[in-house]
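Here the structure is laid out as structure tokens; the discussion comes afterwards.
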There are 2 protein chains.
Amino acid sequence: MTTIDRHHCLNLDAQDALAGLRQEFDLPDGVIYLDGNSLGAMPKSSASRAQQVIRQEWGTDLIKSWNSAGWFDLPSRLGNLLAPLIGARQNEVVVTDSTSINLFKAIAAALHIQASHPASAERKVIVTERSNFPTDIYMAEGLTRWLDRGYQLRLVDTPEELHKAIDKHTALVMLTHVNYRSGYLHDMTAITAHAHAQGALMLWDLAHSAGAVPVQLNDAKADFAVGCTYKYLNGGPGSPAFIWVPTRHQEVFSHPLSGWWGHAKPFEMQPSFSGTPGIRRALCGTQPIVSLAMVESGLEIFGKTTMAALRTKSLALTDLFIELVESRCASHPLQLVTPREQERRGSQVSFTHPHGYAVMQSLIARGIIGDYREPAIMRFGFTPLYTRFSDVWDAAEGLRDILDSKAYSLSGERNEVT
Amino acid sequence: MTTIDRHHCLNLDAQDALAGLRQEFDLPDGVIYLDGNSLGAMPKSSASRAQQVIRQEWGTDLIKSWNSAGWFDLPSRLGNLLAPLIGARQNEVVVTDSTSINLFKAIAAALHIQASHPASAERKVIVTERSNFPTDIYMAEGLTRWLDRGYQLRLVDTPEELHKAIDKHTALVMLTHVNYRSGYLHDMTAITAHAHAQGALMLWDLAHSAGAVPVQLNDAKADFAVGCTYKYLNGGPGSPAFIWVPTRHQEVFSHPLSGWWGHAKPFEMQPSFSGTPGIRRALCGTQPIVSLAMVESGLEIFGKTTMAALRTKSLALTDLFIELVESRCASHPLQLVTPREQERRGSQVSFTHPHGYAVMQSLIARGIIGDYREPAIMRFGFTPLYTRFSDVWDAAEGLRDILDSKAYSLSGERNEVT
């Protein structure tokens, strides 16, 4: 058994240069929140920002806020705030719509670029992982079924299979950078280079990496990216997603969701679509301003630190959790799903247990909030902005106590899990 | 000149059975707000509803609110609240995404139904109006260009041309029920019947009619409808839109935006899309919960009245405004664009003036908030939930005074208009 104790973890908190960032959040008392990989916690400024938008900008200033409060520019302004966190340049990101809708735009744009090549008839395969988040697969299915031009999805199961599957028939490789279930972190640079060497384009879904791990989209020469603002970016429940189109692709960026916000002159009300230059061509319709504006409260916290510092703490947290669980729960049938190798690990740790669902329900009943994913996977997300080393200790101890006492067998019937 | 005076209008307010509904809104002092056709005013309960979602449901209850606060069910629950306002049944409406995105789904679904008919090769035209709101046209352009199966858009300019254009080559007729510029109100039942007689399907955009005029989608036998919740429904800036699919089309309803929220078993994370039965197949990705939840504050006000009562007051307001402007500003080159005939009029009145933009800027500077649309059109929206007869008098008097004194020539340079 490890010699680490709670006192040691409290010392780590005392020495943690990022510890003060927890004060930027309102976290409920008595809760250890390890589900920021699903829904990030609430920044203290979110409620007041929403009140400003609702009472002042909407209630008092009404229609003129589209200009005076910058509502129409919000997708670009927030995109520019987000850009440094993912290695994007200014004017390469907009915050808009849902991740699913943005996937549709990016997949369509990639196929459009490929179709303009002479050998496009030979390049009809979209490669992704069977373990990718389902909506990524579903959106590719929906688009290719509708296009009905012979595109096929190829779902792979292992990194080796992935490597081999990318070949001269591949139009697009579409991967989620950090797997939502296992926390496996892909090598963005290597896979992008391999895709390019085979003539394929590369789309990254950053849902579980934006704000969680350092991302360098331009350095990796990626082609497109989408992601989520309500997980590690703490934008609020269901807050609008983002899409990244590098400067070099913006001129040829074309997708079928050509709504009025993507028009070159949206207020001239022309009866024919003419796409605006630049990243705003990725916009479609009117955006939900209150939910959108709240994204800023999450993003501005990142201005107080760096992704490198957050990554260092994230790995220390996940290392510690793995060590504590494996040493203190060694007699129980837990299996680590997340890579032990730091370079392949996101900011979460997943363990299987034969009674994973019931164990997680018991943890939640004690205020240790992780979540559960089939099959038998307990997920624990570690958000270095607000998770403490002592939280890691307390969560591992809670898990040990539940397993030792078999308290989980008291849990009720299986409920639907979100 | 009319014999109506301000005292008469105050008497109309005193006798108005709906006058008390104005108390449901927070309207800024010193403002006559006639732009609810663009952005509805703020219900008093909106800010507290948002605070409940942000502080309690997000901040305190965190991830469990997807179930416990009913976040996942919000699109359907709000759709069911909205349904009676548009003549829809329960489980035929969801509130989700933007109007543009919902147009895409509905157009795609209509073309899919038509393509399953043996004679589909002959039926390749989508008929709409050149004066339709641009995003309606743009979304149809985007979809048909990408499908690349010979679909064509036919843009018509007059009701007569519309009637003739609908023929055996028409796959879909796509109209906005009340025109955003002129306020012209189409005869939904007659046009739908004509479209059906020619074998075409009928899609209605209710952006300017939901909550503004009585709508009976099922009685009219319409095929699809979409609409907006941030205009007459007062959902908040950019609040999510809605889509209606009648029960009879739900089994064959299919669209390419097949995200995980439209899956039959979204939490089983299956690697292949299988659409859920019913209206939730119109959902795609995760929704912006704060903006979405606030839609309820607008909808619940409609429970205190009926669309018939609102229509009666709306017509009285617009009749009064037309009469006052035409009589008291008779010496000025104003031209009524909105139909004089009640049956063809929505809940707005539009006048052209050669200096329309400058005149509108002067009105806004005085706190009389309408808006301007090219070419030379001043729009005045009348929301019977909160607009008073005395507001109509004051707005018409403000207009008369600005025109008589030529105060509009003092207005500054032309700014971008939203």
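To be explicit about the labels: the chains of the structure tokens are called A, B, and onward in the order shown, and within each one the residues are counted from 1, while ligands get numbers from 1 in the order they are shown.
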Residue contacts of Cys9 (chain A) (9 Å, only C-alpha atoms) excluding same-chain residues fewer than 5 positions away, as a list in words: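 Close residues of Cys9 (chain A): Ile4, Ala14, Arg388, Phe389, Ser390, Asp391, Val392 and Trp393 of chain A.
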Filtering to C-alpha atoms, could you give me those residues as a short mmCIF file (atom, residue, chain, number, x, y, z; two decimals), in the first residue's frame?
data_model
loop_
_atom_site.label_atom_id
_atom_site.label_comp_id
_atom_site.auth_asym_id
_atom_site.auth_seq_id
_atom_site.Cartn_x
_atom_site.Cartn_y
_atom_site.Cartn_z
CA ILE A 4 0.67 8.67 0.68
CA ALA A 14 -0.80 24.10 -0.08
CA ARG A 388 -7.76 19.63 -5.24
CA PHE A 389 -5.27 16.88 -4.39
CA SER A 390 -7.24 16.35 -1.20
CA ASP A 391 -10.33 15.79 -3.35
CA VAL A 392 -8.44 13.02 -5.09
CA TRP A 393 -7.63 11.47 -1.72
#
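Looking only at region 238-411 of chain A, the set that DSSP places in strand (DSSP E or B) from backbone geometry is A:Phe242, A:Ile243, A:Trp244, A:His263, A:Gly275, A:Gln335, A:Leu336, A:Arg345, A:Gln348, A:Val349, A:Ser350, A:Phe351, A:Thr352, A:Ile368, A:Ile369, A:Asp371, A:Tyr372, A:Arg373, A:Ile377, A:Met378, A:Arg379, A:Phe380, A:Gly381.
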List every residue of region 226-336 of chain B that has an atom at most 7 Å from any atom of region 348-366 of chain B, and for each one report the closest atom pair and its distance in Å to one decimal, counting only C-alpha atoms, with rows sorted by chain and then by increasing residue number, as CSV.
residue,atom,partner,partner_atom,distance
B:Thr318,CA,B:Val349,CA,6.4
B:Pro333,CA,B:His353,CA,6.0
B:Leu334,CA,B:His353,CA,4.9
B:Gln335,CA,B:Thr352,CA,5.1
B:Leu336,CA,B:Phe351,CA,4.6
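Across the model, the gap from CA of Lys44 (chain A) to CA of Trp58 (chain B) is 11.8 Å.
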| message | Need the shell around Gln250 (chain B): protein/DNA/RNA residues with any atom at most 8 Å away, counting only C-alpha atoms. Skip same-chain ones fewer than 6 positions apart. Format as a list of chain:residue names? | response | B:Pro277, B:Gly278, B:Ile279
- Task: Could you tell me which of B:Tyr33, B:Phe273, B:Tyr230, B:Phe382 comes closest to Arg145 (chain A) if we count only C-alpha atoms?
- Result: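 Using only C-alpha atoms, the shortest distance to Arg145 (chain A) belongs to B:Phe273.
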Got a sec: who's within 10 Å of region 82-87 of chain B, counting only C-alpha atoms, leaving out chain neighbours fewer than 6 positions off, as an MDAnalysis selection string?
-> chainID B and resid 76 93:95 206 209:220 225 229 233 242 244 295:296 298:300 302:303 306:307
B:Ala69, B:Leu10, B:Leu292, B:Val178: which is nearest chain A, counting only C-alpha atoms?
->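 The closest residue to chain A is B:Leu292.
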I need the residues in region 86-194 of chain A that are alpha helix (DSSP H) according to DSSP; give them as a VMD selection string. chain A and resid 99 to 115 134 to 147 159 to 165 188 to 194
| message | Please list as a ChimeraX atom specification every residue within 7 Å of region 141-144 of chain A, counting only C-alpha atoms and excluding residues in the same chain fewer than 2 positions away. | response | /A:104,137-139,146-148,151 /B:256-258
Take the residues that were just selected and, keeping N, CA and C atoms, output them as a PDB file, in the first residue's frame.
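The resulting out32.pdb:
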ATOM      1  N   PHE A 104     -21.037  18.355 -38.848  1.00  0.00           N
ATOM      2  CA  PHE A 104     -21.652  18.269 -40.179  1.00  0.00           C
ATOM      3  C   PHE A 104     -20.989  19.241 -41.141  1.00  0.00           C
ATOM      4  N   ILE A 137     -20.053   9.826 -35.281  1.00  0.00           N
ATOM      5  CA  ILE A 137     -20.344   8.796 -36.287  1.00  0.00           C
ATOM      6  C   ILE A 137     -21.697   9.072 -36.939  1.00  0.00           C
ATOM      7  N   TYR A 138     -22.688   9.411 -36.116  1.00  0.00           N
ATOM      8  CA  TYR A 138     -24.041   9.615 -36.655  1.00  0.00           C
ATOM      9  C   TYR A 138     -24.079  10.761 -37.675  1.00  0.00           C
ATOM     10  N   MET A 139     -23.350  11.849 -37.383  1.00  0.00           N
ATOM     11  CA  MET A 139     -23.392  12.989 -38.305  1.00  0.00           C
ATOM     12  C   MET A 139     -22.728  12.628 -39.636  1.00  0.00           C
ATOM     13  N   TRP A 146     -27.076  10.978 -47.255  1.00  0.00           N
ATOM     14  CA  TRP A 146     -27.810  11.946 -48.062  1.00  0.00           C
ATOM     15  C   TRP A 146     -27.099  12.306 -49.341  1.00  0.00           C
ATOM     16  N   LEU A 147     -25.769  12.406 -49.258  1.00  0.00           N
ATOM     17  CA  LEU A 147     -25.033  12.724 -50.477  1.00  0.00           C
ATOM     18  C   LEU A 147     -25.172  11.591 -51.483  1.00  0.00           C
ATOM     19  N   ASP A 148     -25.169  10.337 -50.971  1.00  0.00           N
ATOM     20  CA  ASP A 148     -25.374   9.175 -51.833  1.00  0.00           C
ATOM     21  C   ASP A 148     -24.381   9.163 -52.998  1.00  0.00           C
ATOM     22  N   TYR A 151     -19.726   7.354 -50.544  1.00  0.00           N
ATOM     23  CA  TYR A 151     -18.868   7.476 -49.366  1.00  0.00           C
ATOM     24  C   TYR A 151     -19.190   6.365 -48.375  1.00  0.00           C
TER      25      TYR A 151
ATOM     26  N   PRO B 256     -30.757  14.741 -42.742  1.00  0.00           N
ATOM     27  CA  PRO B 256     -29.354  14.341 -42.605  1.00  0.00           C
ATOM     28  C   PRO B 256     -28.699  14.748 -41.292  1.00  0.00           C
ATOM     29  N   LEU B 257     -29.313  15.638 -40.498  1.00  0.00           N
ATOM     30  CA  LEU B 257     -28.673  16.106 -39.267  1.00  0.00           C
ATOM     31  C   LEU B 257     -28.980  15.129 -38.125  1.00  0.00           C
ATOM     32  N   SER B 258     -28.536  13.896 -38.326  1.00  0.00           N
ATOM     33  CA  SER B 258     -28.904  12.793 -37.424  1.00  0.00           C
ATOM     34  C   SER B 258     -27.932  12.710 -36.253  1.00  0.00           C
TER      35      SER B 258
END
